[in-house]
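K.L.:
First the structure, which I've put down as structure tokens, then a few questions once you've had a look.
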Protein chains: 2
Amino acid sequence: MSAHPYFLNLYLRHTMEIHDLILQNIAKHISLSPEEEDHFISLLVYKEVPKKTTILTEDQTCNQLSYIHSGALRSYCLDKNGKESTIMFAMVDWWLTDMYCFLNESPSMTFIEAIEDSCVLSLHKKHFDQLFTTIPKFERFFRILMQNAYTREQLRTIETLTLDAEERYARFINKYPQIAGKVTQKQIASYLGITPEFLSVIRKRDLHRK
Amino acid sequence: MSAHPYFLNLYLRHTMEIHDLILQNIAKHISLSPEEEDHFISLLVYKEVPKKTTILTEDQTCNQLSYIHSGALRSYCLDKNGKESTIMFAMVDWWLTDMYCFLNESPSMTFIEAIEDSCVLSLHKKHFDQLFTTIPKFERFFRILMQNAYTREQLRTIETLTLDAEERYARFINKYPQIAGKVTQKQIASYLGITPEFLSVIRKRDLHRK
DNA sequence: CGTCTATTTGAATGTACTCAAAAGCGGTGG
DNA sequence: CCACCGCTTTTGAGTACATTCAAATAGACG
């Protein structure tokens, strides 16, 4: 159930609590008092997500914002012909949800699925909203999170507008080497907006160039 | 210098201050005291931007976040062959900058240009940062702004992954009819990621369908 | 070991691009 | 006011990038 080898996992259990990782993540941007930390942690739900299981399906109401404590997940959507498109890959220490549907409490248009055995800490929309009243510092935290998500997404838009499939693949491998090692080529293709067959051709070309 | 006919402009001058629009924009998400409003306004720089002039060029440091008081602007970038790609169109009551470079105070990779005679209110990066200390409520305001920007951008990604050029054009016209009326087809094409020639073909096909 | 899915390969096809030329349109100056 | 200039839009022919379909091969998993 963990991305770490077993012995490392045991080691971690002895030296840190399950919530230390997420608190470190938050501490990068805001500092909380011990009481605030406790309150925040009390809102989280710990969930084990075995490989290939989903934590969100189409038409479900997306009311969870999930912090990835271990493992990796991806979100994707289906087009009218049933073709999958990967919206994002998310690794350890990332936050993930169907943001549009989470914020608007509308039925989801996407799926979120574990790429490998994972553990997440989920924050319910109700608590997300309350958090801003009880600990206003979280406004700052999530502002920065949203800023980063926005600029990352905009960079992706620019890359799809200005680069061809081969260049986009090269950048993807470069930017997310950890992800590239975990997911199938079919999934990478669906992130890049090309067919798996064509990605295979690109990879062969790349080999012959070196 | 304004998007409004002259007589309307005069009328506005008599009934509202130049800053009322932006204060209304902010009041949609947070409420400020009169003192806070005054402080915020004191940080803004009013700028007239005649059609086709730029407020940001490549390699410049992007240290302004601009609220569009009147008119319309667009941001775009150039690829290695000099081809333009429109990153976003922005209308009255929108906020615009090269967000990545604004936040990181790095040289810009984009251009921002007025589509028509426009007026903007600019907030300097220095003041943007200070604002969160002096009036923490702005954390909330910009969190919501960033959230909206993020979800809008993600929707664009999904649309480019799942729709063909013709469907993307139809949605664009539908979603931003005001923009469609103001900009050239070449600019729309560069937003959709297609050539102006091909957009012309699409438009002809659309006519024959009706 | 067998089954299921991912990946590779190739041929035929389609969507969108390039290049070139003509037509349309808007702004400017004589 | 009209003529001209530059830029946008249209049109068409030829081309390229990427897809579809089909079949073979390789890998993953129970």
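How things are named: the first chain in the structure tokens is A, the next is B, and so on; residues count from 1 in each chain; ligands count from 1 in the order shown.
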What is the Cα root-mean-square deviation, to one decimal place in Å, for chain A superposed on chain B with all Cα atoms matched in order?
P.N.:
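The superposed chains show a C-alpha RMSD of 0.1 Å.
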K.L.:
Would you mind listing what lies within 12 Å of DA16 in chain D as a PyMOL selection string, with only C-alpha atoms (C1' of nucleotides) counted and same-chain residues fewer than 4 positions away left out?
P.N.:
chain C and resi 14-18
K.L.:
Keeping only N, CA and C atoms (P, O5', C5', C4', C3', O3' and C1' of nucleotides), take the residues you just selected and write them out as an mmCIF file, in the first residue's frame.
P.N.:
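As written to disk, part.cif reads:
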```
data_model
loop_
_atom_site.group_PDB
_atom_site.id
_atom_site.type_symbol
_atom_site.label_atom_id
_atom_site.label_comp_id
_atom_site.auth_asym_id
_atom_site.auth_seq_id
_atom_site.Cartn_x
_atom_site.Cartn_y
_atom_site.Cartn_z
ATOM 1 P P DG C 14 -10.538 9.206 -45.618
ATOM 2 O "O5'" DG C 14 -10.021 10.182 -44.467
ATOM 3 C "C5'" DG C 14 -9.980 9.735 -43.105
ATOM 4 C "C4'" DG C 14 -9.536 10.896 -42.236
ATOM 5 C "C3'" DG C 14 -10.134 12.237 -42.647
ATOM 6 O "O3'" DG C 14 -10.323 12.968 -41.451
ATOM 7 C "C1'" DG C 14 -7.775 12.331 -42.849
ATOM 8 P P DT C 15 -11.340 14.187 -41.390
ATOM 9 O "O5'" DT C 15 -10.599 15.139 -40.348
ATOM 10 C "C5'" DT C 15 -9.726 14.595 -39.382
ATOM 11 C "C4'" DT C 15 -8.560 15.549 -39.175
ATOM 12 C "C3'" DT C 15 -8.938 17.029 -39.249
ATOM 13 O "O3'" DT C 15 -8.395 17.640 -38.096
ATOM 14 C "C1'" DT C 15 -7.121 16.582 -40.689
ATOM 15 P P DA C 16 -8.796 19.142 -37.708
ATOM 16 O "O5'" DA C 16 -7.503 19.931 -38.182
ATOM 17 C "C5'" DA C 16 -6.242 19.589 -37.605
ATOM 18 C "C4'" DA C 16 -5.157 20.168 -38.466
ATOM 19 C "C3'" DA C 16 -5.279 21.680 -38.735
ATOM 20 O "O3'" DA C 16 -4.093 22.303 -38.272
ATOM 21 C "C1'" DA C 16 -4.788 20.495 -40.727
ATOM 22 P P DC C 17 -3.597 23.744 -38.646
ATOM 23 O "O5'" DC C 17 -2.465 23.461 -39.738
ATOM 24 C "C5'" DC C 17 -1.387 22.604 -39.395
ATOM 25 C "C4'" DC C 17 -0.298 22.693 -40.452
ATOM 26 C "C3'" DC C 17 0.115 24.118 -40.796
ATOM 27 O "O3'" DC C 17 1.540 24.205 -40.855
ATOM 28 C "C1'" DC C 17 -0.610 22.992 -42.755
ATOM 29 P P DT C 18 2.223 25.655 -41.141
ATOM 30 O "O5'" DT C 18 2.676 25.584 -42.672
ATOM 31 C "C5'" DT C 18 3.393 24.457 -43.155
ATOM 32 C "C4'" DT C 18 3.711 24.675 -44.631
ATOM 33 C "C3'" DT C 18 4.128 26.104 -44.989
ATOM 34 O "O3'" DT C 18 5.287 26.013 -45.813
ATOM 35 C "C1'" DT C 18 2.289 25.424 -46.336
#
```
K.L.:
Counting only C-alpha atoms (C1' of nucleotides), collect the residues of chain A whose closest atom lies at most 10 Å from chain D, and write them out as a list in words.
P.N.:
Asp164, Ala165, Ile194, Thr195, Glu197 and Phe198 of chain A
K.L.:
What residues in chain A lie within 6 Å of chain B, counting only C-alpha atoms, written as a count of residues only?
P.N.:
12
K.L.:
So, counting only C-alpha atoms, which residue among A:Ser108, A:Gln24, A:Thr133, A:Ser118 is closest to Lys51 in chain A?
P.N.:
A:Ser118
K.L.:
Please identify every residue of chain C that has at least one atom no more than 9 Å from any atom of chain A, counting only C-alpha atoms (C1' of nucleotides), and report them as a list in words.
P.N.:
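Therefore, the residues near the partner are DA6, DT7, DT8 and DT9 of chain C.
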